[in-house]
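**Student:** Please see the structure below; I have some questions.
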Amino acid sequence: MPEDLLQLVNQLVARATESQTVEFKESNDDAFMIGKDISALSNAAAMEGQDYAYMLWGVDDATHDIIGTTFNPLAAKHKGQELELWLRLKLSQNAEFRFIPIDMHGKHVVILRIWPASGYPVSFDGDEYIRSGTSTQRLEKNSQRERRLWEVTKSESFEEQIAMQWLTIDETLSLLDWPAYFAQTGTPQPSDPNAIVHYLELEGLVKTLDSGQYAITNLGALLFARNMQQFPTIQRKALRVIKYEGTRKSSPSRTQTYQRGYADMDAIVDFLQPWLPETETIGRALRVTHLAYPQIAVRELLANMLIHQDLTARGSGPLIEVFDNRIEFSNPGNSLIRLERLVNDPPEARNPKLADVSRRLHMCEEAGSGWDKIIDACESAHLPSPVIQESKATESPSMMVRLSQYCPYAELSPSERKDACYWHACIQFADGMNLTNASLRERFGLSESYSSQISRLIRDCVAANLIKAVDPDAPRKKMAYIPAWV
């Protein structure tokens with residue numbers, strides 16, 4: 001059933017005083033005040049363990065009478081910019097809020113719902129704020145309160161927070177593609193709605209509220225939403241694809257958003273496939289379609305991008321950009337593992353609950369083999385190795401992986417050749433083998449006549465401290481190599 005906003009306002013104004021997580025305003029529309037209060041209230045909600053914090057316009061601060069307000073957040077601007085956009089640019093990326101204007105007893109009231117800080121404290125204009133009684137203050141650096149706030153927000157999981165609540169059982173099931181859960185986990189599907197919700201609740205996808213109604217968590221919405229746009233907290237986490245007609249971002253483009261949750265990886269791959277280039281060859285009687293990129297590499301990069309993104313960066317989400325000569329996978333958040341060790345180091349999960357459920361849904365293995373498959377698939381197809389980059393921006397870190405189409409060895413740049421050599425050494429080491437001149441030639445699809453060129457490449461990689469000889473004194477034809485960090 002729809003949320004009863006009138007009842008919500010009545011409950012909030014019925015409180016004797018403002019609290020750590022509720023603030024009343026008449027018509028004050030000062031943008032800086034609103035930004036500081038969002039930071040303070042979001043941090044307070046995390047500290048108090050509340051699902052939300054609130055600001056209300058149109059309420060008398062002293063009497064709590066409904067007096068109405070002239071404040072209109074949908075039309076408000078600050079220095080010529082829409083107020084909400086300006087606030088989102090000034091607030092840290094983990095800030096989430098929503099303006100809800102309503103009419104109450106013939107008077108205009110504005111509700112600002114604020115989600116609790118997750119991952120780290122919410123800041124405004126570079127500073128963190130906190131509530132002290134009913135006032136907003138800048139958080140003192142290195143104080144006990146700051147340390148406590150960091151502890152709380154680090155333990156506060158975005159996955160566990162509520163995406164939508166006050167739902168009936170029928171509404172809950174209508175919003176989620178729950179049959180996919182039973183199909184992908186191999187769990188027998190019950191016929192009773194209460195039994196269905198029971199399983200979803202065990203996985204942390206749904207919560208039962210004290211009122212007897214239900215709430216869908218961010219985890220449930222991320223994985224099983226029939227339409228992500230129905231959930232404000234994860235709207236920006238929907239997968240976007242942009243196809244450029246050329247090799248530059250300035251080329252003409254078209255875009256599409258995958259609106260459903262992440263759980264069905266086969267459906268996402270099917271959604272993406274028409275956007276990827278293909279070639280056809282005609283044999284004696286058959287027309288054969290060749291994919292420009294190995295499907296296993298595309299699937300593993302999709303899973304990595306979705307599962308390991310920084311969910312607290314609520315202003316951005318996973319993005320795939322397709323060019324005539326390459327495809328780029330981008331997600332908010334840098335890698336938790338050093339880039340040069342992605343193949344060989346144990347996996348680390350930024351979103352452990354998402355990773356755990358995804359493993360049972362067969363979206364991923366959670367065994368650290370994804371990058372092995374990506375590199376190995378590129379080698380088998382004689383493609384350039386993936387290019388992995390991280391942004392340097394401290395406010396909005398991100399990670400990008402680029403797959404390039406086939407390019408003859410002679411046309412590869414020196415850096416592309418060195419990258420391929422390094423990753424080949426890592427894959428060989430992970431498989432209990434060593435890089436040799438012969439194995440590297442096979443990786444590039446080259447004949448023995450290229451032995452001298454490959455030897456030069458190996459020497460260049462040794463000089464660049466990318467690889468090293470297993471036995472520097474071994475005969476030339478028996479030389480073998482491992483990653484330099486071994």
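Residue names in the structure tokens use chain letters A, B, ... in the order shown, residue numbers from 1 in each chain, and ligand numbers from 1 in the order shown.
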From a DSSP calculation on the backbone, collect every residue of range 217-386 of chain A in strand (DSSP E or B) and output the set as number ranges by chain.
**Tutor:** A: 217, 225, 239-244, 253-258, 278-282, 287-291, 319-322, 326-332
**Student:** Just want the 8 Å neighbourhood of range 458-463 of chain A, counted on only C-alpha atoms, with same-chain residues fewer than 5 positions away dropped. Output as a ChimeraX atom specification.
**Tutor:** /A:418,421-422,437,468-469,484
**Student:** What lies within 12 Å of Ala14 in chain A using only C-alpha atoms, ignoring chain neighbours under 4 positions off, as a list in words?
**Tutor:**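 Result of the neighbour search: Gln7, Leu8, Val9, Asn10, Glu18, Ser19, Val22, Phe24, Val59, Thr63, His64, Asp65 and Ile66 of chain A.
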**Student:** To one decimal in Å, tell me the separation between CA of Asn331 in chain A and CA of Leu200 in chain A.
**Tutor:** 27.2 Å
**Student:** Could you work out how far CA of Cys407 in chain A lies from CA of Glu379 in chain A, giving the answer in Å with one decimal?
**Tutor:**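 Interatomic distance here is 12.2 Å.
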**Student:** Please list as a PyMOL selection string every residue within 8 Å of Ile162 in chain A, counting only C-alpha atoms and excluding residues in the same chain fewer than 6 positions away.
**Tutor:** chain A and resi 51+215-218
**Student:** Would you list the contacts of Leu223 in chain A as number ranges by chain, taking every protein, DNA or RNA residue within 12 Å and counting only C-alpha atoms, but skipping same-chain residues closer than 2 positions in sequence?
**Tutor:** A: 159, 175-178, 180-181, 184, 200, 203-206, 216-221, 225-228, 234, 237-239, 259-265, 268, 303, 306-307, 353-358, 361, 363
**Student:** Could you write those residues out with N, CA and C atoms, as a compact mmCIF listing (two decimals), in the first residue's frame?
**Tutor:**
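File result-v2.txt, as written:
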# COMPACT_ATOMS: atom_id res chain seq x y z
N GLU A 159 23.87 -2.65 1.91
CA GLU A 159 23.04 -3.77 1.47
C GLU A 159 21.87 -4.03 2.42
N LEU A 175 7.06 -6.42 -6.64
CA LEU A 175 8.21 -5.56 -6.95
C LEU A 175 9.48 -6.35 -7.24
N LEU A 176 9.50 -7.62 -6.83
CA LEU A 176 10.71 -8.43 -6.95
C LEU A 176 10.50 -9.60 -7.91
N ASP A 177 11.54 -9.94 -8.65
CA ASP A 177 11.52 -11.12 -9.51
C ASP A 177 11.91 -12.33 -8.66
N TRP A 178 11.05 -12.64 -7.70
CA TRP A 178 11.38 -13.70 -6.74
C TRP A 178 11.48 -15.09 -7.38
N ALA A 180 13.15 -15.89 -9.85
CA ALA A 180 14.55 -16.05 -10.25
C ALA A 180 15.39 -16.54 -9.08
N TYR A 181 15.04 -16.13 -7.86
CA TYR A 181 15.80 -16.59 -6.69
C TYR A 181 15.72 -18.11 -6.57
N GLN A 184 17.52 -19.94 -9.62
CA GLN A 184 18.99 -19.87 -9.68
C GLN A 184 19.67 -20.53 -8.49
N LEU A 200 13.10 -15.29 1.30
CA LEU A 200 13.71 -14.00 0.95
C LEU A 200 14.24 -13.29 2.19
N GLU A 203 17.60 -14.58 3.40
CA GLU A 203 18.72 -14.08 2.59
C GLU A 203 19.00 -12.60 2.81
N GLY A 204 18.17 -11.92 3.61
CA GLY A 204 18.36 -10.49 3.83
C GLY A 204 17.83 -9.64 2.69
N LEU A 205 16.95 -10.22 1.87
CA LEU A 205 16.38 -9.48 0.74
C LEU A 205 15.13 -8.71 1.15
N VAL A 206 14.49 -9.18 2.19
CA VAL A 206 13.24 -8.61 2.69
C VAL A 206 13.30 -8.58 4.21
N ILE A 216 11.68 -3.99 1.61
CA ILE A 216 12.66 -4.59 0.71
C ILE A 216 13.99 -3.90 0.97
N THR A 217 15.04 -4.66 1.18
CA THR A 217 16.36 -4.08 1.44
C THR A 217 17.02 -3.66 0.13
N ASN A 218 18.08 -2.87 0.26
CA ASN A 218 18.85 -2.51 -0.93
C ASN A 218 19.40 -3.76 -1.62
N LEU A 219 19.80 -4.76 -0.83
CA LEU A 219 20.30 -6.01 -1.41
C LEU A 219 19.23 -6.68 -2.25
N GLY A 220 18.01 -6.75 -1.71
CA GLY A 220 16.92 -7.36 -2.46
C GLY A 220 16.60 -6.61 -3.74
N ALA A 221 16.61 -5.27 -3.65
CA ALA A 221 16.31 -4.46 -4.83
C ALA A 221 17.42 -4.55 -5.87
N ALA A 225 15.06 -6.52 -8.32
CA ALA A 225 14.07 -5.50 -8.71
C ALA A 225 13.56 -5.78 -10.12
N ARG A 226 12.26 -5.70 -10.29
CA ARG A 226 11.69 -5.79 -11.64
C ARG A 226 11.94 -4.48 -12.39
N ASN A 227 12.07 -3.38 -11.62
CA ASN A 227 12.38 -2.08 -12.19
C ASN A 227 13.12 -1.26 -11.14
N MET A 228 14.42 -1.04 -11.33
CA MET A 228 15.22 -0.32 -10.35
C MET A 228 14.74 1.12 -10.14
N ILE A 234 18.57 2.96 -5.18
CA ILE A 234 19.40 2.22 -6.14
C ILE A 234 19.14 2.61 -7.59
N LYS A 237 22.09 2.83 -9.69
CA LYS A 237 22.89 1.60 -9.79
C LYS A 237 22.46 0.72 -10.97
N ALA A 238 21.45 1.17 -11.70
CA ALA A 238 21.04 0.41 -12.89
C ALA A 238 22.15 0.46 -13.93
N LEU A 239 22.38 -0.67 -14.59
CA LEU A 239 23.44 -0.77 -15.59
C LEU A 239 23.09 0.04 -16.83
N GLN A 259 16.97 -2.08 -16.64
CA GLN A 259 16.21 -1.65 -15.48
C GLN A 259 16.05 -2.72 -14.41
N ARG A 260 16.29 -3.97 -14.74
CA ARG A 260 16.07 -5.04 -13.78
C ARG A 260 17.27 -5.23 -12.87
N GLY A 261 17.11 -6.05 -11.83
CA GLY A 261 18.19 -6.33 -10.91
C GLY A 261 19.29 -7.16 -11.55
N TYR A 262 20.36 -7.36 -10.78
CA TYR A 262 21.56 -7.99 -11.32
C TYR A 262 21.52 -9.52 -11.33
N ALA A 263 20.54 -10.14 -10.68
CA ALA A 263 20.64 -11.57 -10.37
C ALA A 263 20.79 -12.45 -11.61
N ASP A 264 20.06 -12.14 -12.66
CA ASP A 264 20.06 -13.00 -13.86
C ASP A 264 21.16 -12.54 -14.81
N MET A 265 22.37 -13.09 -14.64
CA MET A 265 23.50 -12.67 -15.47
C MET A 265 23.30 -13.05 -16.93
N ILE A 268 21.38 -10.35 -18.54
CA ILE A 268 22.18 -9.14 -18.74
C ILE A 268 23.11 -9.32 -19.94
N ALA A 303 30.19 -9.31 -14.04
CA ALA A 303 29.99 -9.73 -12.66
C ALA A 303 30.89 -8.94 -11.71
N LEU A 306 29.57 -5.29 -11.33
CA LEU A 306 28.33 -5.16 -10.56
C LEU A 306 28.52 -5.50 -9.09
N ILE A 307 29.25 -6.56 -8.81
CA ILE A 307 29.35 -7.06 -7.44
C ILE A 307 30.35 -6.26 -6.60
N LYS A 353 27.80 -9.19 1.57
CA LYS A 353 26.48 -9.83 1.49
C LYS A 353 26.07 -9.99 0.02
N LEU A 354 26.33 -8.98 -0.79
CA LEU A 354 26.04 -9.07 -2.21
C LEU A 354 26.86 -10.18 -2.85
N ALA A 355 28.15 -10.27 -2.48
CA ALA A 355 29.01 -11.31 -3.05
C ALA A 355 28.56 -12.70 -2.61
N ASP A 356 28.12 -12.82 -1.36
CA ASP A 356 27.71 -14.12 -0.84
C ASP A 356 26.46 -14.63 -1.55
N VAL A 357 25.44 -13.77 -1.66
CA VAL A 357 24.21 -14.20 -2.33
C VAL A 357 24.48 -14.42 -3.83
N SER A 358 25.32 -13.57 -4.43
CA SER A 358 25.64 -13.72 -5.86
C SER A 358 26.30 -15.07 -6.14
N LEU A 361 23.70 -17.58 -6.33
CA LEU A 361 22.91 -17.39 -7.56
C LEU A 361 23.71 -17.77 -8.80
N MET A 363 26.16 -16.19 -10.02
CA MET A 363 26.65 -15.02 -10.74
C MET A 363 28.17 -14.98 -10.74
**Student:** Which of these residues is nearest to Val269 in chain A, using only C-alpha atoms: A:Pro294, A:Pro193, A:Pro252, A:Pro101?
**Tutor:**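 Checking each of A:Pro294, A:Pro193, A:Pro252, A:Pro101 against Val269 in chain A, counting only C-alpha atoms, the winner is A:Pro294.
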**Student:** So how far away is CA of Trp166 in chain A from CA of Gly119 in chain A, in Å?
**Tutor:**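 CA of Gly119 in chain A sits 25.5 Å away from CA of Trp166 in chain A.
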**Student:** Which residue out of A:Trp150, A:Trp371, A:Phe97, A:Tyr409 has the minimum interatomic distance to Ser118 in chain A when only C-alpha atoms are used?
**Tutor:**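 With only C-alpha atoms as the atom set, the closest residue is A:Trp150.
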**Student:** What lies within 8 Å of Ile427 in chain A using only C-alpha atoms, ignoring chain neighbours under 2 positions off, as a PyMOL selection string?
**Tutor:** chain A and resi 343+372+375-376+423-425+429-431
**Student:** Restricting it to N, CA and C atoms, dump the selection as an mmCIF file, in the first residue's frame.
**Tutor:**
data_model
loop_
_atom_site.group_PDB
_atom_site.id
_atom_site.type_symbol
_atom_site.label_atom_id
_atom_site.label_comp_id
_atom_site.auth_asym_id
_atom_site.auth_seq_id
_atom_site.Cartn_x
_atom_site.Cartn_y
_atom_site.Cartn_z
ATOM 1 N N VAL A 343 45.261 -11.104 -10.583
ATOM 2 C CA VAL A 343 45.164 -12.525 -10.958
ATOM 3 C C VAL A 343 45.550 -13.432 -9.813
ATOM 4 N N ASP A 372 41.488 -14.639 -13.689
ATOM 5 C CA ASP A 372 42.178 -15.697 -14.442
ATOM 6 C C ASP A 372 41.424 -16.008 -15.732
ATOM 7 N N ILE A 375 41.756 -12.969 -18.327
ATOM 8 C CA ILE A 375 43.064 -12.926 -18.990
ATOM 9 C C ILE A 375 43.231 -14.135 -19.915
ATOM 10 N N ASP A 376 42.831 -15.301 -19.414
ATOM 11 C CA ASP A 376 43.000 -16.519 -20.209
ATOM 12 C C ASP A 376 42.160 -16.463 -21.491
ATOM 13 N N TRP A 423 50.931 -10.229 -17.878
ATOM 14 C CA TRP A 423 49.757 -10.996 -17.483
ATOM 15 C C TRP A 423 49.908 -12.472 -17.862
ATOM 16 N N HIS A 424 50.634 -12.751 -18.948
ATOM 17 C CA HIS A 424 50.888 -14.153 -19.301
ATOM 18 C C HIS A 424 51.735 -14.813 -18.216
ATOM 19 N N ALA A 425 52.725 -14.087 -17.711
ATOM 20 C CA ALA A 425 53.545 -14.630 -16.627
ATOM 21 C C ALA A 425 52.692 -14.904 -15.389
ATOM 22 N N PHE A 429 52.031 -18.570 -13.793
ATOM 23 C CA PHE A 429 52.402 -18.794 -12.390
ATOM 24 C C PHE A 429 51.211 -19.330 -11.600
ATOM 25 N N ALA A 430 50.005 -18.753 -11.846
ATOM 26 C CA ALA A 430 48.804 -19.218 -11.149
ATOM 27 C C ALA A 430 48.501 -20.678 -11.494
ATOM 28 N N ASP A 431 48.884 -21.106 -12.699
ATOM 29 C CA ASP A 431 48.650 -22.485 -13.132
ATOM 30 C C ASP A 431 49.815 -23.413 -12.815
#
**Student:** Compile the contact shell of range 314-318 of chain A as a count of residues only: residues with an atom at most 8 Å away, counting only C-alpha atoms, same-chain residues fewer than 2 positions apart removed.
**Tutor:** 22
**Student:** I need the residue nearest Tyr293 in chain A from this list: A:Tyr406, A:Phe224, A:Tyr244, A:Trp485. Use only C-alpha atoms for the distance.
**Tutor:** A:Tyr406
**Student:** Could you pull out all residues of range 140-192 of chain A with a DSSP call of helix (DSSP H, G or I) and give them as a VMD selection string?
**Tutor:** chain A and resid 144 to 155 158 to 160 169 to 175 178 to 185
**Student:** For the residues in that selection, give me N, CA and C atoms as a short mmCIF file (atom, residue, chain, number, x, y, z; two decimals), in the first residue's frame.
**Tutor:**
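Written file, selection_32.cif:
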data_model
loop_
_atom_site.label_atom_id
_atom_site.label_comp_id
_atom_site.auth_asym_id
_atom_site.auth_seq_id
_atom_site.Cartn_x
_atom_site.Cartn_y
_atom_site.Cartn_z
N GLN A 144 36.59 11.86 19.95
CA GLN A 144 36.01 10.55 20.22
C GLN A 144 34.73 10.35 19.41
N ARG A 145 33.99 11.44 19.23
CA ARG A 145 32.76 11.35 18.47
C ARG A 145 33.03 11.01 17.00
N GLU A 146 34.09 11.59 16.44
CA GLU A 146 34.45 11.28 15.07
C GLU A 146 34.84 9.82 14.93
N ARG A 147 35.65 9.33 15.88
CA ARG A 147 36.07 7.93 15.83
C ARG A 147 34.86 7.00 15.92
N ARG A 148 33.92 7.35 16.79
CA ARG A 148 32.71 6.53 16.95
C ARG A 148 31.89 6.54 15.66
N LEU A 149 31.75 7.71 15.05
CA LEU A 149 30.97 7.81 13.82
C LEU A 149 31.60 6.97 12.71
N TRP A 150 32.93 6.99 12.59
CA TRP A 150 33.60 6.17 11.58
C TRP A 150 33.36 4.68 11.85
N GLU A 151 33.41 4.29 13.12
CA GLU A 151 33.16 2.88 13.45
C GLU A 151 31.75 2.45 13.04
N VAL A 152 30.78 3.33 13.35
CA VAL A 152 29.39 3.00 13.06
C VAL A 152 29.14 2.93 11.56
N THR A 153 29.62 3.93 10.82
CA THR A 153 29.34 3.96 9.38
C THR A 153 30.07 2.86 8.64
N LYS A 154 31.24 2.46 9.13
CA LYS A 154 31.94 1.34 8.49
C LYS A 154 31.18 0.04 8.66
N SER A 155 30.52 -0.11 9.82
CA SER A 155 29.78 -1.34 10.08
C SER A 155 28.38 -1.29 9.47
N PHE A 158 25.31 -0.85 3.39
CA PHE A 158 24.33 -0.34 2.43
C PHE A 158 23.37 -1.44 2.01
N GLU A 159 23.87 -2.65 1.91
CA GLU A 159 23.04 -3.77 1.47
C GLU A 159 21.87 -4.03 2.42
N GLU A 160 22.10 -3.79 3.73
CA GLU A 160 21.07 -4.08 4.73
C GLU A 160 20.05 -2.96 4.87
N ILE A 169 2.36 -8.05 1.63
CA ILE A 169 3.09 -9.19 1.09
C ILE A 169 2.94 -9.25 -0.43
N ASP A 170 1.75 -8.91 -0.94
CA ASP A 170 1.54 -8.92 -2.39
C ASP A 170 2.36 -7.84 -3.07
N GLU A 171 2.42 -6.65 -2.46
CA GLU A 171 3.22 -5.57 -3.05
C GLU A 171 4.70 -5.93 -3.06
N THR A 172 5.15 -6.56 -1.99
CA THR A 172 6.55 -6.97 -1.90
C THR A 172 6.91 -7.92 -3.04
N LEU A 173 6.08 -8.92 -3.24
CA LEU A 173 6.38 -9.91 -4.27
C LEU A 173 6.20 -9.36 -5.67
N SER A 174 5.32 -8.37 -5.84
CA SER A 174 5.12 -7.78 -7.17
C SER A 174 6.31 -6.93 -7.60
N LEU A 175 7.06 -6.42 -6.64
CA LEU A 175 8.21 -5.56 -6.95
C LEU A 175 9.48 -6.35 -7.24
N TRP A 178 11.05 -12.64 -7.70
CA TRP A 178 11.38 -13.70 -6.74
C TRP A 178 11.48 -15.09 -7.38
N PRO A 179 10.77 -15.41 -8.48
CA PRO A 179 10.98 -16.75 -9.07
C PRO A 179 12.43 -16.98 -9.48
N ALA A 180 13.15 -15.89 -9.85
CA ALA A 180 14.55 -16.05 -10.25
C ALA A 180 15.39 -16.54 -9.08
N TYR A 181 15.04 -16.13 -7.86
CA TYR A 181 15.80 -16.59 -6.69
C TYR A 181 15.72 -18.11 -6.57
N PHE A 182 14.51 -18.65 -6.66
CA PHE A 182 14.35 -20.10 -6.50
C PHE A 182 14.97 -20.85 -7.68
N ALA A 183 14.82 -20.31 -8.88
CA ALA A 183 15.37 -20.99 -10.06
C ALA A 183 16.88 -21.04 -10.01
N GLN A 184 17.52 -19.94 -9.62
CA GLN A 184 18.99 -19.87 -9.68
C GLN A 184 19.67 -20.53 -8.49
N THR A 185 18.99 -20.60 -7.34
CA THR A 185 19.58 -21.28 -6.20
C THR A 185 19.24 -22.77 -6.17
#
